[in-house]
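Enquirer: As input, take work_39.txt (compact mmCIF, C-alpha atoms):
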# COMPACT_ATOMS: atom_id res chain seq x y z
CA MET A 1 -20.93 -49.37 -12.89
CA GLU A 2 -18.67 -46.36 -13.20
CA TYR A 3 -14.99 -47.37 -13.14
CA THR A 4 -13.09 -44.65 -11.31
CA ARG A 5 -9.34 -44.72 -10.69
CA ARG A 6 -9.99 -45.44 -7.01
CA SER A 7 -12.35 -48.35 -7.73
CA VAL A 8 -9.89 -49.92 -10.16
CA LEU A 9 -7.09 -49.69 -7.59
CA SER A 10 -9.36 -51.29 -5.02
CA VAL A 11 -10.19 -54.21 -7.32
CA LEU A 12 -6.52 -54.72 -8.03
CA GLY A 13 -5.80 -54.79 -4.31
CA LEU A 14 -3.35 -51.88 -4.57
CA GLY A 15 -3.16 -48.53 -2.85
CA ALA A 16 -2.79 -45.42 -4.97
CA LEU A 17 0.91 -45.33 -4.18
CA GLY A 18 1.40 -48.91 -5.33
CA VAL A 19 0.28 -48.17 -8.88
CA ALA A 20 1.66 -44.68 -9.04
CA THR A 21 5.22 -45.75 -8.38
CA GLY A 22 5.26 -47.62 -11.66
CA CYS A 23 5.53 -44.23 -13.30
CA ALA A 24 8.32 -43.08 -11.02
CA ALA A 25 10.98 -45.72 -11.52
CA SER A 26 13.09 -46.09 -14.60
CA PRO A 27 12.08 -48.85 -17.07
CA GLU A 28 14.87 -51.05 -15.76
CA GLY A 29 13.92 -50.31 -12.14
CA GLY A 30 17.27 -48.61 -11.60
CA GLN A 31 18.04 -45.24 -10.10
CA ALA A 32 20.15 -42.42 -11.38
CA ALA A 33 23.52 -42.20 -9.65
CA ALA A 34 24.24 -38.96 -7.81
CA ASP A 35 27.69 -38.54 -9.33
CA GLY A 36 28.86 -36.05 -11.88
CA PRO A 37 28.40 -32.29 -11.78
CA ALA A 38 25.46 -30.75 -9.93
CA GLU A 39 23.50 -28.98 -12.65
CA GLY A 40 20.04 -28.56 -14.10
CA GLU A 41 16.62 -27.37 -12.91
CA ILE A 42 15.12 -29.34 -10.01
CA THR A 43 11.88 -29.12 -8.05
CA LEU A 44 11.59 -29.03 -4.27
CA LEU A 45 8.24 -30.00 -2.71
CA THR A 46 7.88 -28.67 0.82
CA PRO A 47 5.07 -28.66 3.40
CA ILE A 48 6.96 -26.21 5.61
CA TYR A 49 8.21 -22.62 5.05
CA GLU A 50 4.58 -21.50 5.26
CA GLY A 51 3.37 -18.02 4.46
CA SER A 52 5.33 -14.98 3.40
CA THR A 53 7.85 -15.33 6.26
CA GLY A 54 8.67 -18.91 5.38
CA LYS A 55 8.89 -18.15 1.68
CA GLN A 56 11.21 -15.24 2.35
CA LEU A 57 13.48 -17.46 4.45
CA LEU A 58 13.62 -20.22 1.85
CA GLU A 59 13.76 -18.19 -1.36
CA GLY A 60 15.34 -15.05 0.02
CA LYS A 61 18.08 -16.57 2.16
CA LEU A 62 18.54 -20.35 2.03
CA LEU A 63 18.27 -21.08 -1.69
CA PRO A 64 20.50 -18.15 -2.66
CA ALA A 65 23.15 -19.63 -0.34
CA PHE A 66 22.69 -22.99 -2.07
CA LYS A 67 22.92 -21.29 -5.49
CA GLN A 68 26.19 -19.66 -4.51
CA LYS A 69 27.67 -23.11 -3.84
CA ASN A 70 25.94 -24.73 -6.83
CA PRO A 71 25.74 -22.04 -9.54
CA ASN A 72 24.57 -24.44 -12.23
CA VAL A 73 21.51 -25.63 -10.31
CA THR A 74 18.14 -23.88 -10.39
CA VAL A 75 15.55 -24.79 -7.76
CA LYS A 76 11.84 -24.43 -8.39
CA VAL A 77 9.77 -24.56 -5.16
CA ASP A 78 6.38 -26.21 -4.92
CA TYR A 79 4.65 -25.28 -1.64
CA THR A 80 1.98 -27.45 -0.05
CA THR A 81 0.72 -28.37 3.42
CA TYR A 82 1.05 -31.59 5.39
CA ALA A 83 -2.70 -32.06 5.02
CA ALA A 84 -2.36 -32.11 1.23
CA LEU A 85 1.16 -33.59 0.89
CA ASN A 86 0.27 -37.28 0.55
CA GLU A 87 -2.42 -36.64 -2.06
CA LYS A 88 -0.13 -34.29 -3.95
CA LEU A 89 2.63 -36.90 -4.05
CA THR A 90 0.25 -39.65 -5.13
CA THR A 91 -1.21 -37.51 -7.89
CA GLY A 92 2.26 -36.48 -9.05
CA LEU A 93 3.47 -40.06 -9.12
CA ALA A 94 0.46 -41.17 -11.16
CA GLY A 95 1.38 -38.54 -13.76
CA GLY A 96 5.11 -39.26 -13.63
CA LEU A 97 5.80 -35.91 -12.00
CA MET A 98 7.61 -36.80 -8.79
CA PRO A 99 9.56 -33.80 -7.44
CA ASP A 100 13.34 -34.13 -7.43
CA VAL A 101 13.59 -33.35 -3.71
CA VAL A 102 10.74 -33.83 -1.26
CA MET A 103 10.21 -33.09 2.40
CA LEU A 104 8.34 -35.85 4.22
CA GLY A 105 7.05 -36.46 7.72
CA VAL A 106 8.43 -38.88 10.28
CA GLY A 107 6.88 -42.26 9.55
CA TRP A 108 6.66 -41.58 5.82
CA ILE A 109 10.00 -43.09 4.77
CA PRO A 110 9.05 -46.81 4.94
CA PRO A 111 5.97 -46.48 2.67
CA PHE A 112 7.75 -44.44 0.00
CA ALA A 113 11.05 -46.34 0.21
CA HIS A 114 9.17 -49.66 0.04
CA LYS A 115 7.68 -48.57 -3.30
CA LYS A 116 11.11 -47.43 -4.50
CA VAL A 117 10.01 -43.82 -4.84
CA LEU A 118 13.02 -42.58 -2.86
CA ALA A 119 16.71 -42.98 -3.63
CA PRO A 120 19.07 -44.31 -0.94
CA LEU A 121 21.53 -41.80 0.47
CA PRO A 122 25.18 -42.52 1.33
CA GLU A 123 25.41 -43.73 4.92
CA SER A 124 28.32 -41.33 5.40
CA LEU A 125 25.81 -38.46 5.44
CA ALA A 126 24.42 -39.76 8.74
CA THR A 127 27.70 -39.04 10.53
CA ARG A 128 28.90 -35.82 8.93
CA PHE A 129 27.12 -33.83 11.68
CA GLN A 130 25.94 -34.85 15.13
CA TYR A 131 22.38 -35.66 14.14
CA GLU A 132 20.15 -36.70 17.01
CA GLN A 133 20.45 -40.49 16.80
CA ARG A 134 16.80 -40.89 17.70
CA VAL A 135 15.74 -39.05 14.54
CA LEU A 136 18.00 -41.01 12.24
CA GLU A 137 15.92 -44.12 12.94
CA PRO A 138 12.82 -42.90 11.04
CA SER A 139 15.14 -41.72 8.26
CA ARG A 140 15.97 -45.34 7.41
CA TYR A 141 14.13 -48.28 5.90
CA ASP A 142 15.46 -51.82 6.10
CA GLY A 143 18.72 -50.41 7.45
CA THR A 144 19.27 -48.05 4.51
CA LEU A 145 19.39 -44.27 4.86
CA TYR A 146 16.80 -42.51 2.70
CA ALA A 147 16.48 -39.06 4.30
CA LEU A 148 18.16 -36.49 6.51
CA PRO A 149 16.51 -34.83 9.51
CA LEU A 150 15.58 -31.19 9.10
CA VAL A 151 13.41 -30.09 12.03
CA LEU A 152 11.54 -32.04 14.73
CA ASP A 153 8.19 -31.43 16.36
CA THR A 154 7.48 -33.09 19.69
CA ARG A 155 4.29 -33.55 21.72
CA ILE A 156 4.53 -32.45 25.33
CA VAL A 157 2.13 -31.44 28.11
CA THR A 158 1.98 -27.71 28.81
CA TYR A 159 0.38 -26.19 31.89
CA ARG A 160 -0.46 -22.92 33.61
CA LYS A 161 1.80 -22.47 36.60
CA ASP A 162 -0.46 -19.77 38.04
CA MET A 163 -3.49 -22.10 37.99
CA PHE A 164 -1.46 -24.87 39.62
CA ALA A 165 -0.35 -22.47 42.36
CA GLU A 166 -3.91 -21.26 42.89
CA ALA A 167 -5.01 -24.87 43.42
CA GLY A 168 -2.05 -25.62 45.71
CA ILE A 169 -0.53 -28.09 43.22
CA LYS A 170 3.24 -28.00 43.48
CA GLN A 171 4.38 -30.58 40.89
CA PRO A 172 3.14 -31.84 37.51
CA PRO A 173 1.46 -35.27 37.58
CA LYS A 174 3.76 -38.28 37.61
CA ASP A 175 1.21 -40.68 36.06
CA TRP A 176 -2.30 -40.80 34.59
CA ALA A 177 -4.01 -41.26 37.95
CA GLU A 178 -2.53 -37.97 39.14
CA LEU A 179 -3.24 -36.33 35.79
CA ARG A 180 -6.91 -37.27 36.02
CA ALA A 181 -7.19 -36.16 39.66
CA MET A 182 -5.49 -32.83 38.94
CA ALA A 183 -7.67 -32.25 35.90
CA LYS A 184 -10.77 -32.61 38.06
CA GLU A 185 -9.39 -30.19 40.63
CA LEU A 186 -8.37 -27.60 38.02
CA ALA A 187 -11.59 -27.60 35.98
CA ARG A 188 -14.02 -24.72 36.48
CA THR A 189 -17.70 -24.20 35.68
CA ASP A 190 -19.81 -21.08 35.31
CA GLY A 191 -23.01 -20.27 37.18
CA SER A 192 -25.05 -22.58 34.97
CA GLY A 193 -22.74 -25.52 35.56
CA LYS A 194 -21.20 -25.31 32.09
CA LEU A 195 -17.44 -25.84 31.78
CA SER A 196 -15.60 -22.54 31.54
CA ARG A 197 -12.14 -24.06 31.99
CA VAL A 198 -11.08 -27.63 31.38
CA GLY A 199 -8.52 -29.16 33.66
CA PHE A 200 -6.92 -30.96 30.73
CA ASP A 201 -7.18 -30.37 26.98
CA PRO A 202 -6.02 -33.40 24.95
CA PHE A 203 -8.00 -32.39 21.86
CA SER A 204 -6.31 -29.23 20.56
CA ILE A 205 -3.58 -31.23 18.86
CA ASP A 206 -4.18 -33.94 16.28
CA LEU A 207 -6.03 -36.80 18.00
CA ARG A 208 -3.81 -39.35 16.26
CA GLN A 209 -0.67 -37.81 17.68
CA CYS A 210 -2.19 -37.30 21.11
CA TRP A 211 -3.32 -40.93 21.39
CA GLU A 212 0.08 -42.16 20.18
CA THR A 213 1.80 -40.14 22.91
CA PHE A 214 -0.44 -41.76 25.52
CA LEU A 215 0.11 -45.20 23.96
CA PHE A 216 3.88 -44.78 24.21
CA ALA A 217 3.61 -43.49 27.80
CA ASN A 218 1.67 -46.66 28.57
CA ASP A 219 4.68 -48.60 27.24
CA GLY A 220 2.77 -49.65 24.13
CA ASN A 221 3.79 -49.93 20.48
CA LEU A 222 2.05 -49.31 17.19
CA PHE A 223 3.57 -52.28 15.33
CA ASP A 224 6.18 -54.98 15.81
CA GLU A 225 9.74 -54.45 14.58
CA SER A 226 8.96 -55.97 11.18
CA GLY A 227 6.05 -53.58 10.61
CA GLN A 228 3.86 -56.57 9.75
CA GLN A 229 1.98 -57.06 13.03
CA VAL A 230 -0.35 -54.66 14.86
CA ARG A 231 0.59 -54.13 18.50
CA PHE A 232 -1.56 -51.17 19.60
CA ASN A 233 -4.73 -53.24 20.08
CA ASP A 234 -3.76 -54.63 23.48
CA GLU A 235 -4.79 -53.14 26.80
CA ARG A 236 -2.16 -50.40 26.46
CA GLY A 237 -3.79 -48.90 23.38
CA VAL A 238 -7.31 -49.26 24.77
CA GLU A 239 -6.32 -47.64 28.08
CA ALA A 240 -4.71 -44.73 26.22
CA LEU A 241 -7.97 -43.97 24.42
CA GLN A 242 -10.09 -44.71 27.49
CA LEU A 243 -8.32 -41.96 29.42
CA PHE A 244 -9.71 -39.38 26.99
CA LEU A 245 -13.20 -40.73 27.60
CA ASP A 246 -12.62 -40.71 31.36
CA VAL A 247 -11.59 -37.06 31.56
CA VAL A 248 -14.63 -36.13 29.47
CA LYS A 249 -16.82 -38.18 31.81
CA ASP A 250 -15.22 -36.40 34.78
CA LYS A 251 -16.24 -33.07 33.18
CA SER A 252 -12.61 -31.99 33.28
CA ALA A 253 -12.19 -32.12 29.47
CA ASP A 254 -14.44 -31.29 26.54
CA PHE A 255 -14.00 -32.17 22.87
CA SER A 256 -15.62 -28.88 21.83
CA PHE A 257 -12.87 -26.85 23.54
CA LYS A 258 -10.31 -27.71 20.87
CA THR A 259 -8.91 -24.75 18.94
CA ALA A 260 -7.99 -24.43 15.29
CA ALA A 261 -4.35 -24.20 14.18
CA GLY A 262 -3.01 -20.68 14.49
CA GLN A 263 -5.71 -19.54 16.90
CA PRO A 264 -4.85 -18.69 20.52
CA SER A 265 -4.61 -21.94 22.47
CA THR A 266 -6.97 -22.90 25.26
CA LEU A 267 -3.97 -22.57 27.58
CA ALA A 268 -3.33 -18.97 26.51
CA GLN A 269 -7.02 -18.09 26.73
CA GLY A 270 -7.23 -19.44 30.27
CA ARG A 271 -9.70 -22.09 29.10
CA SER A 272 -7.44 -24.99 30.06
CA ALA A 273 -5.02 -25.59 32.93
CA MET A 274 -3.14 -28.38 31.13
CA MET A 275 -2.93 -28.96 27.41
CA MET A 276 -1.23 -31.42 25.07
CA ALA A 277 0.83 -29.30 22.69
CA ASN A 278 3.45 -29.13 20.01
CA ASN A 279 6.72 -27.52 21.10
CA SER A 280 5.94 -24.74 18.57
CA LEU A 281 3.44 -23.37 21.12
CA TRP A 282 6.33 -21.41 22.64
CA VAL A 283 6.71 -19.27 19.52
CA GLN A 284 2.94 -18.88 19.27
CA LEU A 285 2.87 -17.59 22.85
CA GLN A 286 5.74 -15.20 22.09
CA GLN A 287 3.71 -13.76 19.24
CA GLN A 288 0.22 -13.78 20.75
CA ASN A 289 0.61 -13.81 24.55
CA PRO A 290 4.19 -12.80 25.41
CA GLU A 291 3.19 -11.74 28.92
CA LEU A 292 2.55 -15.38 29.88
CA LEU A 293 6.19 -16.23 29.17
CA LYS A 294 7.59 -13.02 30.66
CA GLU A 295 5.65 -13.65 33.88
CA ASP A 296 6.66 -17.35 33.89
CA LYS A 297 3.06 -18.55 33.93
CA VAL A 298 3.54 -21.43 31.50
CA GLY A 299 5.46 -24.65 32.05
CA ALA A 300 5.78 -28.02 30.35
CA PHE A 301 6.53 -31.63 31.22
CA ILE A 302 6.89 -35.02 29.56
CA LEU A 303 3.84 -37.26 29.74
CA ALA A 304 4.38 -40.38 31.85
CA ASN A 305 2.48 -43.40 33.07
CA LYS A 306 4.28 -46.74 32.91
CA VAL A 307 7.18 -44.90 31.26
CA PRO A 308 7.86 -41.27 30.32
CA ALA A 309 7.29 -40.73 26.60
CA MET A 310 7.38 -37.90 24.09
CA LEU A 311 6.06 -38.28 20.56
CA GLN A 312 8.64 -37.04 18.08
CA GLY A 313 7.51 -36.06 14.62
CA GLY A 314 9.15 -33.66 12.23
CA THR A 315 10.27 -33.08 8.68
CA LEU A 316 12.83 -35.11 6.74
CA VAL A 317 14.30 -34.35 3.33
CA ALA A 318 14.84 -37.01 0.65
CA ARG A 319 15.78 -37.41 -3.02
CA SER A 320 13.48 -38.87 -5.64
CA ALA A 321 14.58 -42.11 -7.28
CA SER A 322 13.35 -40.85 -10.65
CA THR A 323 15.06 -37.46 -10.83
CA LYS A 324 16.92 -36.71 -14.03
CA HIS A 325 19.35 -34.50 -12.12
CA ALA A 326 20.48 -36.82 -9.33
CA ALA A 327 23.66 -34.93 -8.44
CA ALA A 328 21.81 -31.62 -8.19
CA ALA A 329 19.01 -33.19 -6.14
CA GLN A 330 21.41 -34.83 -3.73
CA ALA A 331 23.37 -31.59 -3.38
CA LEU A 332 20.16 -29.87 -2.27
CA VAL A 333 19.32 -32.68 0.18
CA GLU A 334 22.79 -32.38 1.71
CA PHE A 335 22.53 -28.59 1.90
CA LEU A 336 19.12 -28.66 3.60
CA GLY A 337 20.47 -31.11 6.19
CA THR A 338 23.21 -28.76 7.44
CA PRO A 339 23.10 -26.90 10.79
CA GLU A 340 23.30 -23.58 8.89
CA THR A 341 19.99 -24.38 7.19
CA ILE A 342 18.34 -26.24 10.06
CA LEU A 343 18.75 -23.45 12.64
CA PRO A 344 16.85 -20.67 10.81
CA THR A 345 14.23 -23.20 9.72
CA ALA A 346 13.67 -24.28 13.32
CA GLN A 347 13.57 -20.69 14.54
CA GLN A 348 10.96 -19.70 11.99
CA ARG A 349 8.66 -22.57 12.99
CA GLY A 350 9.45 -22.92 16.67
CA SER A 351 10.70 -26.44 15.92
CA VAL A 352 13.40 -28.59 17.48
CA PRO A 353 16.65 -28.66 15.47
CA GLY A 354 17.66 -32.18 14.44
CA VAL A 355 21.38 -31.83 15.18
CA GLN A 356 23.14 -31.88 18.54
CA ASP A 357 25.51 -29.18 17.29
CA LEU A 358 22.73 -26.61 17.85
CA ARG A 359 21.95 -27.48 21.48
CA THR A 360 24.14 -24.58 22.63
CA SER A 361 22.58 -22.04 20.25
CA ASP A 362 20.81 -18.99 21.69
CA TYR A 363 17.62 -20.18 20.04
CA VAL A 364 17.57 -23.43 22.04
CA LYS A 365 18.66 -21.71 25.26
CA ASN A 366 15.83 -19.17 24.98
CA ASN A 367 13.02 -21.55 24.00
CA GLY A 368 11.84 -23.52 27.02
CA PHE A 369 9.81 -26.08 25.11
CA VAL A 370 12.56 -26.81 22.57
CA LYS A 371 15.10 -27.19 25.37
CA LEU A 372 12.77 -29.57 27.22
CA ALA A 373 12.41 -31.66 24.07
CA LEU A 374 16.15 -31.87 23.42
CA ASP A 375 16.83 -32.75 27.05
CA ASN A 376 14.41 -35.66 26.73
CA MET A 377 15.25 -37.12 23.34
CA ASN A 378 16.00 -40.43 25.05
CA LYS A 379 12.28 -40.64 25.82
CA ALA A 380 11.18 -39.84 22.27
CA ARG A 381 9.16 -42.26 20.17
CA SER A 382 8.07 -41.93 16.55
CA GLU A 383 4.88 -42.86 14.76
CA GLY A 384 4.88 -45.10 11.70
CA GLY A 385 6.97 -48.24 11.50
CA THR A 386 5.19 -50.03 8.66
CA ALA A 387 5.24 -49.67 4.90
CA ALA A 388 1.43 -49.44 5.07
CA TRP A 389 1.61 -46.32 7.25
CA MET A 390 0.23 -43.80 4.76
CA GLU A 391 -3.03 -45.72 4.44
CA ILE A 392 -3.29 -46.45 8.16
CA ARG A 393 -2.36 -42.91 9.15
CA GLU A 394 -5.39 -41.42 7.42
CA LYS A 395 -7.79 -43.65 9.36
CA ILE A 396 -6.55 -43.22 12.93
CA LYS A 397 -8.08 -39.85 13.80
CA THR A 398 -11.54 -40.54 12.38
CA THR A 399 -11.71 -43.98 13.99
CA LEU A 400 -10.65 -42.73 17.42
CA GLU A 401 -13.11 -39.85 17.24
CA THR A 402 -15.99 -42.31 17.13
CA ALA A 403 -15.14 -43.26 20.72
CA VAL A 404 -14.56 -39.68 21.86
CA VAL A 405 -18.04 -38.61 20.67
CA GLY A 406 -19.70 -41.68 22.20
CA GLN A 407 -20.42 -43.77 19.11
CA ARG A 408 -18.15 -46.65 20.18
CA THR A 409 -16.39 -47.84 23.29
CA ALA A 410 -12.62 -47.39 23.43
CA LYS A 411 -12.09 -51.11 22.80
CA GLU A 412 -14.48 -51.14 19.85
CA ALA A 413 -12.68 -48.19 18.23
CA ILE A 414 -9.24 -49.72 18.78
CA ASP A 415 -10.42 -53.09 17.42
CA GLU A 416 -11.83 -51.39 14.33
CA LEU A 417 -8.58 -49.51 13.79
CA ALA A 418 -6.62 -52.74 14.20
CA ASN A 419 -8.77 -54.47 11.58
CA LEU A 420 -8.30 -51.59 9.14
CA SER A 421 -4.55 -51.67 9.80
CA LYS A 422 -4.28 -55.41 9.26
CA GLU A 423 -6.11 -55.09 5.95
CA ALA A 424 -3.72 -52.34 4.83
CA ILE A 425 -0.66 -54.40 5.81
CA SER A 426 -2.04 -57.44 3.99
CA ARG A 427 -2.05 -55.45 0.73
CA LEU A 428 1.69 -54.71 0.84
Please re-express this file's structure in structure tokens.

Expert:
Amino acid sequence: MEYTRRSVLSVLGLGALGVATGCAASPEGGQAAADGPAEGEITLLTPIYEGSTGKQLLEGKLLPAFKQKNPNVTVKVDYTTYAALNEKLTTGLAGGLMPDVVMLGVGWIPPFAHKKVLAPLPESLATRFQYEQRVLEPSRYDGTLYALPLVLDTRIVTYRKDMFAEAGIKQPPKDWAELRAMAKELARTDGSGKLSRVGFDPFSIDLRQCWETFLFANDGNLFDESGQQVRFNDERGVEALQLFLDVVKDKSADFSFKTAAGQPSTLAQGRSAMMMANNSLWVQLQQQNPELLKEDKVGAFILANKVPAMLQGGTLVARSASTKHAAAAQALVEFLGTPETILPTAQQRGSVPGVQDLRTSDYVKNNGFVKLALDNMNKARSEGGTAAWMEIREKIKTTLETAVVGQRTAKEAIDELANLSKEAISRL
């Protein structure tokens, strides 16, 4: 038998993160205090600031401003993507190369804080600006602050106002029954009977995030408050997945209609009348189909069934527990969490700023989807909630897809996901 690193970890009953963190902490298990002068060379790992525009913003504007305030600190940037971020962190931890400052997704704090990879932050940082209270929750673990909000990304339902008007539909659906009925009415076929326009496209965003939004709108939960018990495998979670199968059965949705990131959306192409979307779609429309916004042909609403709900993800910034330059690393975390940094970052990505101070900015006023998100933060829910999230997270999409493509029933897929989740939690 060939003993690979993965097989050894499996035999030991540990995830990759569980072993890797042994390299990250100090021999005594302590953490460097963030006092003393901010100095030294530190590394920032970021999954945002993509492409030349993002790099120019970060390295051409933001970091020079940080350098002006902290002349004895040099920041080296390591760019990655969210798709590669977890693997990159795990590999770095295994080699003892944890970045000094890291940007993480919502839901990621409990797993990394549980393994003592992240350093606690002073609670006073949570009140220095008017951070959206809803986004401070996923920045904590066991009541301790480990990260600051940077930008948020919400999941909303977007729709074509012109197609609604053509069909005589005056208001967005108030629940799933209306959503399904409207989707049927709005779908179109060509002369051969093949779908040319879906009434509803739930598949052009990540299936994990889409299903979670429906779960929350069905008044369901992923886990209990302790993060130790699975809660999504009741009728609420099954019904959320079943709706996707129902709209496909109705021939008002089609899994093959999903579009790749960066490509014109089905909504913009006129291939869907309603579409689950990230709030960043507004900026994409400005760049690719500005006439749709100028002519007021696109609207958005918050998904609702038993309750209205909006999935809220985003990017948080945290300090490594193993950094040799704790004061410098914390200075960068604090700088990145300021409104002056958050606003241009949100603008560049079409994201929702994580501080209430920016609600009156021209950016928010002129971005309909961002304004909708901020006006409905009281309906926002976050994914994660367990220290086993990184392992569970990777299995949700592929497991749910087995039901969407007809290999399992909705209940079978949810039961399988629940079993996988329970196994992951049992290894904590």

Enquirer: What's around range 161-178 of chain A at 7 Å? Count only C-alpha atoms, leave out sequence neighbours fewer than 6 positions away in its own chain, and write the answer as a list in words.

Expert: Leu186, Ala273, Lys297, Val298, Gly299, Ala304 and Asn305 of chain A

Enquirer: For CA of Arg208 in chain A and CA of Leu136 in chain A, quote the distance in Å rounded to one decimal.

Expert: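 Value for the CA of Arg208 in chain A-CA of Leu136 in chain A distance: 22.2 Å.
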
Enquirer: Using only C-alpha atoms, which residues sit within 8 Å of Thr80 in chain A once same-chain residues fewer than 2 positions away are excluded, as a list in words?

Expert: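 Here the qualifying residues turn out to be Leu45, Thr46, Pro47, Ile48, Asp78, Tyr82, Ala84 and Leu85 of chain A.
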
Enquirer: Would you please work out which residue, of A:Trp282, A:Tyr159, A:Phe223, A:Trp389, is nearest to Gly107 in chain A when using all atoms listed in the file?

Expert: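 Ranking A:Trp282, A:Tyr159, A:Phe223, A:Trp389 by distance to Gly107 in chain A, first place goes to A:Trp389.
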
Enquirer: Please report as a Markdown table every residue of range 166-234 of chain A lying within 12 Å of range 356-380 of chain A, along with the nearest atom pair and their distance in Å (one decimal), using all atoms listed in the file.

Expert:
| residue | atom | partner | partner_atom | distance |
| --- | --- | --- | --- | --- |
| A:Glu212 | CA | A:Ala380 | CA | 11.5 |
| A:Thr213 | CA | A:Ala380 | CA | 9.4 |
| A:Phe216 | CA | A:Ala380 | CA | 9.0 |
| A:Ala217 | CA | A:Lys379 | CA | 9.3 |
| A:Asp219 | CA | A:Lys379 | CA | 11.1 |

Enquirer: From the set A:Pro64, A:Gly385, A:Gly105, A:Gly36, which residue has the shortest atom-to-atom contact distance to Glu225 in chain A, counting all atoms listed in the file?

Expert: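 Among the listed residues, the smallest separation from Glu225 in chain A belongs to A:Gly385.
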
Enquirer: Skipping near chain neighbours, those fewer than 6 positions away, what residues fall within 12 Å of Ala403 in chain A using all atoms listed in the file, listed as a CSV table (one decimal) with C-alpha atoms, in the coordinates of the input?

Expert:
chain,number,residue,atom,x,y,z
A,207,LEU,CA,-6.0,-36.8,18.0
A,238,VAL,CA,-7.3,-49.3,24.8
A,240,ALA,CA,-4.7,-44.7,26.2
A,241,LEU,CA,-8.0,-44.0,24.4
A,242,GLN,CA,-10.1,-44.7,27.5
A,243,LEU,CA,-8.3,-42.0,29.4
A,244,PHE,CA,-9.7,-39.4,27.0
A,245,LEU,CA,-13.2,-40.7,27.6
A,246,ASP,CA,-12.6,-40.7,31.4
A,248,VAL,CA,-14.6,-36.1,29.5
A,255,PHE,CA,-14.0,-32.2,22.9
A,396,ILE,CA,-6.6,-43.2,12.9
A,397,LYS,CA,-8.1,-39.8,13.8
A,409,THR,CA,-16.4,-47.8,23.3
A,410,ALA,CA,-12.6,-47.4,23.4
A,411,LYS,CA,-12.1,-51.1,22.8
A,412,GLU,CA,-14.5,-51.1,19.8
A,413,ALA,CA,-12.7,-48.2,18.2
A,414,ILE,CA,-9.2,-49.7,18.8
A,415,ASP,CA,-10.4,-53.1,17.4
A,416,GLU,CA,-11.8,-51.4,14.3
A,417,LEU,CA,-8.6,-49.5,13.8

Enquirer: What are the centre and edge lengths in Å, to one decimal, of the axis-aligned box around all listed atoms of range 111-122 of chain A with 6 Å added on each side, as AutoDock Vina command-line options?

Expert:
--center_x 15.6 --center_y -45.7 --center_z -1.1 --size_x 31.2 --size_y 19.9 --size_z 19.5

Enquirer: Quick one: distance from CA of Ile392 in chain A to CA of Met98 in chain A in Å, one decimal?

Expert: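 Straight-line distance from CA of Ile392 in chain A to CA of Met98 in chain A works out to 22.3 Å.
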
Enquirer: Taking only C-alpha atoms into account, name the residue in A:Ala181, A:Leu311, A:Val151, A:Leu303 that is nearest to Tyr49 in chain A.

Expert: A:Val151

Enquirer: Name all residues at most 9 Å from Phe66 in chain A (count all atoms listed in the file; drop same-chain ones fewer than 5 positions away) and give them as a count of residues only.

Expert: 7

Enquirer: CA of Thr81 in chain A and CA of Ser52 in chain A, how far apart in Å?

Expert: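 If I compute the distance from CA of Ser52 in chain A to CA of Thr81 in chain A, I get 14.2 Å.
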
Enquirer: Pick from A:Glu291, A:Asp35, A:Asp254, A:Glu50: nearest to Ser204 in chain A, with all atoms listed in the file counted?

Expert: A:Asp254

Enquirer: Compare A:Glu401, A:Ala388, A:Leu57, A:Gly350 by their minimum atom-to-atom distance to Phe112 in chain A, counting all atoms listed in the file, and give me the closest one.

Expert: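 For Phe112 in chain A, the nearest of the given residues is A:Ala388.
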
Enquirer: My list of candidates is A:Thr315, A:Gln56, A:Gln284, A:Thr398. Which is closest to Pro149 in chain A when distances are computed with only C-alpha atoms?

Expert: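 Looking at the shortest contact to Pro149 in chain A, the residue is A:Thr315.
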
Enquirer: Would you list the residues near (-10.2, -30.7, 26.0) (no more than 6 Å away, in the coordinates of the file, using only C-alpha atoms) as a PyMOL selection string?

Expert: chain A and resi 200-203+253-255+257-258

Enquirer: Considering all atoms listed in the file, return as a list in words whatever protein or nucleic-acid residues lie within 10 Å of Ser252 in chain A, sequence-local ones (same chain, fewer than 5 positions apart) excluded.

Expert: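 In the requested form, the answer reads Arg180, Ala181, Met182, Ala183, Lys184, Glu185, Leu186, Ala187, Arg188, Thr189, Leu195, Arg197, Val198, Gly199, Phe200, Asp201, Asp246, Val247, Ser272 and Ala273 of chain A.
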